[in-house]
Amino acid sequence: MNRFENKVAVITGAAGGIGEATTRRIVSEGGKVVIADYSKERADKLAAELTLSGADVRSVYFSATELQSCKELIAFAIKEYGQIDILINNVGGTDPKRDTSIEKLDIDYFDEAFHLNLSCTMYLSQLVIPVMKTHGGGNIVNVASISGITADSNGTLYGASKAGVINLTKYIATQTGKKNIRCNAVAPGLVLTPTALNNLNEDVRNIFLSQCATPYLGEPQDIAATIAFLASDDARYITGQTIIADGGLTIHNPTAEPV
(Lines give C-alpha, C1' and ligand atoms only; values in the text may rest on other atoms or scores of the structure.)
Protein backbone atom coordinates (compact mmCIF):
# COMPACT_ATOMS: atom_id res chain seq x y z
CA MET A 1 0.00 0.00 0.00
CA ASN A 2 1.63 3.23 -1.21
CA ARG A 3 -0.94 5.87 -0.30
CA PHE A 4 1.74 8.53 0.00
CA GLU A 5 3.80 7.88 -3.12
CA ASN A 6 5.12 11.19 -4.53
CA LYS A 7 3.76 13.01 -1.45
CA VAL A 8 5.82 15.22 0.85
CA ALA A 9 4.83 15.36 4.51
CA VAL A 10 6.12 17.80 7.12
CA ILE A 11 5.77 16.34 10.61
CA THR A 12 6.52 18.29 13.78
CA GLY A 13 7.73 16.51 16.88
CA ALA A 14 8.59 13.80 14.39
CA ALA A 15 11.48 12.06 16.12
CA GLY A 16 9.73 10.59 19.15
CA GLY A 17 6.47 9.10 20.39
CA ILE A 18 3.46 9.58 18.12
CA GLY A 19 5.53 11.71 15.74
CA GLU A 20 8.13 9.01 15.20
CA ALA A 21 5.45 6.36 14.71
CA THR A 22 3.75 8.62 12.17
CA THR A 23 7.01 9.28 10.36
CA ARG A 24 7.62 5.55 10.05
CA ARG A 25 4.04 4.94 8.87
CA ILE A 26 4.14 7.63 6.18
CA VAL A 27 7.54 6.44 4.96
CA SER A 28 6.36 2.81 4.89
CA GLU A 29 3.64 3.88 2.48
CA GLY A 30 6.00 5.63 0.08
CA GLY A 31 5.94 9.17 1.45
CA LYS A 32 8.80 11.64 1.75
CA VAL A 33 9.07 13.19 5.21
CA VAL A 34 10.62 16.28 6.75
CA ILE A 35 11.44 15.17 10.28
CA ALA A 36 11.11 18.35 12.34
CA ASP A 37 12.02 18.07 16.00
CA TYR A 38 13.42 20.09 18.90
CA SER A 39 16.02 17.36 19.37
CA LYS A 40 18.11 17.68 16.22
CA GLU A 41 20.28 14.80 17.37
CA ARG A 42 17.29 12.47 17.64
CA ALA A 43 15.90 13.70 14.31
CA ASP A 44 19.24 13.11 12.59
CA LYS A 45 19.46 9.61 14.05
CA LEU A 46 15.99 8.67 12.84
CA ALA A 47 16.67 10.18 9.42
CA ALA A 48 19.91 8.22 9.09
CA GLU A 49 18.16 4.96 10.00
CA LEU A 50 15.31 5.51 7.56
CA THR A 51 17.65 6.63 4.78
CA LEU A 52 19.63 3.41 5.14
CA SER A 53 16.40 1.50 4.59
CA GLY A 54 15.76 3.42 1.36
CA ALA A 55 13.44 6.19 2.57
CA ASP A 56 13.58 9.76 1.30
CA VAL A 57 13.62 11.92 4.44
CA ARG A 58 15.25 15.09 5.76
CA SER A 59 15.80 16.16 9.36
CA VAL A 60 15.67 19.71 10.70
CA TYR A 61 15.66 21.50 14.04
CA PHE A 62 12.28 22.92 15.01
CA SER A 63 11.11 24.85 18.07
CA ALA A 64 7.34 25.11 18.42
CA THR A 65 7.57 28.05 20.82
CA GLU A 66 9.39 30.24 18.27
CA LEU A 67 7.34 31.51 15.32
CA GLN A 68 10.51 32.20 13.35
CA SER A 69 11.23 28.47 13.51
CA CYS A 70 7.88 27.86 11.78
CA LYS A 71 8.97 30.07 8.87
CA GLU A 72 12.31 28.31 8.66
CA LEU A 73 10.68 24.87 8.66
CA ILE A 74 8.37 25.63 5.74
CA ALA A 75 11.24 27.27 3.83
CA PHE A 76 13.42 24.21 4.47
CA ALA A 77 10.78 21.80 3.18
CA ILE A 78 10.25 23.84 0.01
CA LYS A 79 14.01 24.10 -0.54
CA GLU A 80 14.49 20.35 -0.17
CA TYR A 81 11.39 19.07 -1.98
CA GLY A 82 9.74 21.98 -3.79
CA GLN A 83 6.31 21.11 -2.40
CA ILE A 84 4.38 20.22 0.77
CA ASP A 85 1.38 17.94 0.37
CA ILE A 86 0.77 17.06 4.01
CA LEU A 87 1.33 18.98 7.24
CA ILE A 88 1.03 17.04 10.48
CA ASN A 89 0.97 19.36 13.48
CA ASN A 90 1.99 16.82 16.09
CA VAL A 91 4.19 18.75 18.50
CA GLY A 92 2.68 19.64 21.86
CA GLY A 93 2.82 19.17 25.57
CA THR A 94 2.92 21.00 28.88
CA ASP A 95 4.92 21.43 32.06
CA PRO A 96 2.97 19.51 34.73
CA LYS A 97 4.69 21.47 37.50
CA ARG A 98 3.40 24.81 36.17
CA ASP A 99 0.19 23.69 34.47
CA THR A 100 -1.96 22.48 37.32
CA SER A 101 -5.46 23.40 38.52
CA ILE A 102 -7.06 26.76 37.79
CA GLU A 103 -6.38 27.81 41.38
CA LYS A 104 -2.71 26.88 41.38
CA LEU A 105 -1.44 27.11 37.78
CA ASP A 106 1.34 29.52 36.85
CA ILE A 107 -0.38 32.16 34.73
CA ASP A 108 3.03 33.29 33.45
CA TYR A 109 3.22 29.92 31.69
CA PHE A 110 0.13 30.76 29.59
CA ASP A 111 1.97 32.19 26.58
CA GLU A 112 4.47 29.34 26.37
CA ALA A 113 1.78 26.67 26.69
CA PHE A 114 -0.40 28.27 24.03
CA HIS A 115 2.57 28.86 21.71
CA LEU A 116 3.53 25.22 22.01
CA ASN A 117 0.07 23.77 21.46
CA LEU A 118 -1.97 26.32 19.50
CA SER A 119 0.01 29.23 18.05
CA CYS A 120 2.47 26.87 16.39
CA THR A 121 -0.35 24.86 14.80
CA MET A 122 -2.08 28.03 13.62
CA TYR A 123 1.04 29.64 12.18
CA LEU A 124 2.36 26.55 10.38
CA SER A 125 -1.07 26.08 8.84
CA GLN A 126 -1.16 29.71 7.75
CA LEU A 127 2.28 29.37 6.16
CA VAL A 128 1.61 26.08 4.39
CA ILE A 129 -1.78 26.91 2.85
CA PRO A 130 -0.37 29.12 0.05
CA VAL A 131 2.16 26.38 -0.76
CA MET A 132 -0.58 23.78 -0.98
CA LYS A 133 -2.76 26.04 -3.12
CA THR A 134 0.08 26.41 -5.61
CA HIS A 135 0.21 22.62 -6.05
CA GLY A 136 -3.53 22.07 -6.30
CA GLY A 137 -4.37 21.26 -2.69
CA GLY A 138 -3.18 19.46 0.38
CA ASN A 139 -3.96 18.02 3.74
CA ILE A 140 -3.46 19.19 7.33
CA VAL A 141 -3.78 16.87 10.32
CA ASN A 142 -3.64 18.33 13.83
CA VAL A 143 -2.91 16.24 16.89
CA ALA A 144 -5.24 17.42 19.63
CA SER A 145 -6.15 15.49 22.79
CA ILE A 146 -9.15 14.26 24.72
CA SER A 147 -8.02 16.94 27.20
CA GLY A 148 -9.45 19.42 24.72
CA ILE A 149 -12.85 17.72 25.03
CA THR A 150 -13.01 16.53 28.63
CA ALA A 151 -11.50 18.03 31.79
CA ASP A 152 -8.97 16.85 34.35
CA SER A 153 -7.83 17.91 37.81
CA ASN A 154 -4.62 19.36 36.32
CA GLY A 155 -3.28 20.45 32.93
CA THR A 156 -5.73 23.34 32.60
CA LEU A 157 -3.66 25.30 30.08
CA TYR A 158 -2.98 22.19 28.03
CA GLY A 159 -6.67 21.34 27.86
CA ALA A 160 -7.69 24.86 26.93
CA SER A 161 -5.06 25.09 24.19
CA LYS A 162 -5.98 21.67 22.76
CA ALA A 163 -9.64 22.73 22.72
CA GLY A 164 -8.41 25.62 20.60
CA VAL A 165 -6.72 23.17 18.23
CA ILE A 166 -10.00 21.28 17.80
CA ASN A 167 -11.95 24.42 16.91
CA LEU A 168 -9.10 25.77 14.76
CA THR A 169 -9.34 22.55 12.76
CA LYS A 170 -12.95 23.41 11.87
CA TYR A 171 -12.00 26.96 10.88
CA ILE A 172 -9.19 25.81 8.61
CA ALA A 173 -11.41 23.18 6.99
CA THR A 174 -14.20 25.71 6.44
CA GLN A 175 -11.95 28.38 4.98
CA THR A 176 -9.77 26.20 2.75
CA GLY A 177 -12.06 23.40 1.61
CA LYS A 178 -12.87 24.98 -1.75
CA LYS A 179 -9.12 25.31 -2.32
CA ASN A 180 -8.91 21.50 -2.15
CA ILE A 181 -7.29 21.55 1.28
CA ARG A 182 -8.66 19.28 3.98
CA CYS A 183 -8.01 19.66 7.70
CA ASN A 184 -8.82 17.15 10.43
CA ALA A 185 -7.64 16.38 13.94
CA VAL A 186 -6.95 13.35 16.08
CA ALA A 187 -7.68 13.45 19.81
CA PRO A 188 -5.71 10.67 21.51
CA GLY A 189 -6.44 9.36 24.96
CA LEU A 190 -3.61 8.02 27.07
CA VAL A 191 -0.97 6.67 24.70
CA LEU A 192 2.07 4.79 25.98
CA THR A 193 4.71 7.11 24.60
CA PRO A 194 8.07 7.45 26.39
CA THR A 195 6.84 10.75 27.87
CA ALA A 196 3.68 9.15 29.27
CA LEU A 197 5.64 6.25 30.71
CA ASN A 198 8.04 8.66 32.39
CA ASN A 199 5.39 11.00 33.77
CA LEU A 200 2.60 8.60 34.79
CA ASN A 201 3.24 5.83 37.26
CA GLU A 202 1.69 2.40 36.92
CA ASP A 203 -1.15 3.18 39.33
CA VAL A 204 -2.27 6.13 37.21
CA ARG A 205 -1.98 4.12 34.00
CA ASN A 206 -4.11 1.41 35.56
CA ILE A 207 -6.82 3.94 36.38
CA PHE A 208 -6.98 4.89 32.71
CA LEU A 209 -6.96 1.24 31.69
CA SER A 210 -9.84 0.44 34.03
CA GLN A 211 -12.01 3.02 32.26
CA CYS A 212 -11.09 2.04 28.70
CA ALA A 213 -13.56 -0.04 26.71
CA THR A 214 -10.57 -1.88 25.25
CA PRO A 215 -8.45 -4.28 27.34
CA TYR A 216 -5.30 -2.28 26.55
CA LEU A 217 -3.98 1.29 26.39
CA GLY A 218 -2.96 2.91 23.13
CA GLU A 219 0.43 2.65 21.48
CA PRO A 220 1.96 5.39 19.29
CA GLN A 221 1.36 3.18 16.24
CA ASP A 222 -2.39 3.29 16.90
CA ILE A 223 -2.47 7.07 16.59
CA ALA A 224 -0.10 7.00 13.63
CA ALA A 225 -2.54 4.73 11.80
CA THR A 226 -5.39 7.19 12.41
CA ILE A 227 -3.26 10.13 11.26
CA ALA A 228 -2.22 8.25 8.13
CA PHE A 229 -5.85 7.50 7.31
CA LEU A 230 -6.85 11.16 7.62
CA ALA A 231 -3.81 12.27 5.62
CA SER A 232 -4.59 9.86 2.80
CA ASP A 233 -7.11 9.93 -0.03
CA ASP A 234 -9.04 7.23 1.82
CA ALA A 235 -10.42 10.11 3.88
CA ARG A 236 -11.03 12.43 0.93
CA TYR A 237 -14.61 13.20 1.99
CA ILE A 238 -13.74 13.89 5.64
CA THR A 239 -12.79 17.39 6.75
CA GLY A 240 -13.18 19.54 9.83
CA GLN A 241 -13.54 16.48 12.03
CA THR A 242 -11.81 15.38 15.22
CA ILE A 243 -11.39 11.63 15.48
CA ILE A 244 -11.23 10.50 19.10
CA ALA A 245 -8.75 7.63 19.47
CA ASP A 246 -8.93 6.75 23.14
CA GLY A 247 -9.92 3.10 23.43
CA GLY A 248 -13.41 4.15 24.41
CA LEU A 249 -12.25 6.10 27.48
CA THR A 250 -14.74 8.91 26.91
CA ILE A 251 -17.77 6.99 25.59
CA HIS A 252 -19.42 6.01 28.84
CA ASN A 253 -20.97 7.43 32.00
CA PRO A 254 -19.11 7.18 35.32
CA THR A 255 -21.57 4.48 36.35
CA ALA A 256 -19.77 2.00 34.11
CA GLU A 257 -18.01 -0.65 36.15
CA PRO A 258 -14.20 -0.57 35.96
CA VAL A 259 -12.89 -3.70 34.26
# chains A, B, ... in the order shown; residues from 1 in each chain; ligands from 1

call {"tool": "residues_around", "arguments": {"residues": "region 155-165 of chain A", "least_positions_apart": "6", "cutoff": "6 Å", "atoms": "only C-alpha atoms", "output": "ChimeraX atom specification"}}
result
/A:99-101,114,117-118,144,147-148

call {"tool": "atom_distance", "arguments": {"atom1": "CA of Ala231 (chain A)", "atom2": "CA of Cys183 (chain A)"}}
result
8.8 Å

call {"tool": "select_by_dssp", "arguments": {"residues": "region 124-210 of chain A", "states": "strand (DSSP E or B)", "output": "PyMOL selection string"}}
result
chain A and resi 138-143+181-188+191

call {"tool": "closest_residue", "arguments": {"among": "A:Leu52, A:Ile18, A:Ala43, A:Val10", "to": "Ala77 (chain A)", "atoms": "only C-alpha atoms"}}
result
A:Val10

call {"tool": "residues_around", "arguments": {"residues": "Asn90 (chain A)", "least_positions_apart": "4", "cutoff": "7 Å", "atoms": "only C-alpha atoms", "output": "list of chain:residue names"}}
result
A:Ile11, A:Thr12, A:Gly13, A:Gly19, A:Asn142, A:Val143

call {"tool": "atom_distance", "arguments": {"atom1": "CA of Asn198 (chain A)", "atom2": "CA of Gly16 (chain A)"}}
result
13.5 Å

call {"tool": "residues_around", "arguments": {"residues": "Thr22 (chain A)", "least_positions_apart": "2", "cutoff": "8 Å", "atoms": "only C-alpha atoms", "output": "list in words"}}
result
Ala14, Ile18, Gly19, Glu20, Arg24, Arg25, Ile26, Gln221, Ile223, Ala224, Ala225, Ile227 and Ala228 of chain A

call {"tool": "residues_around", "arguments": {"residues": "region 62-72 of chain A", "least_positions_apart": "2", "cutoff": "12 Å", "atoms": "only C-alpha atoms", "output": "PyMOL selection string"}}
result
chain A and resi 10-15+34-43+59-60+74-79+87+89-94+109-128
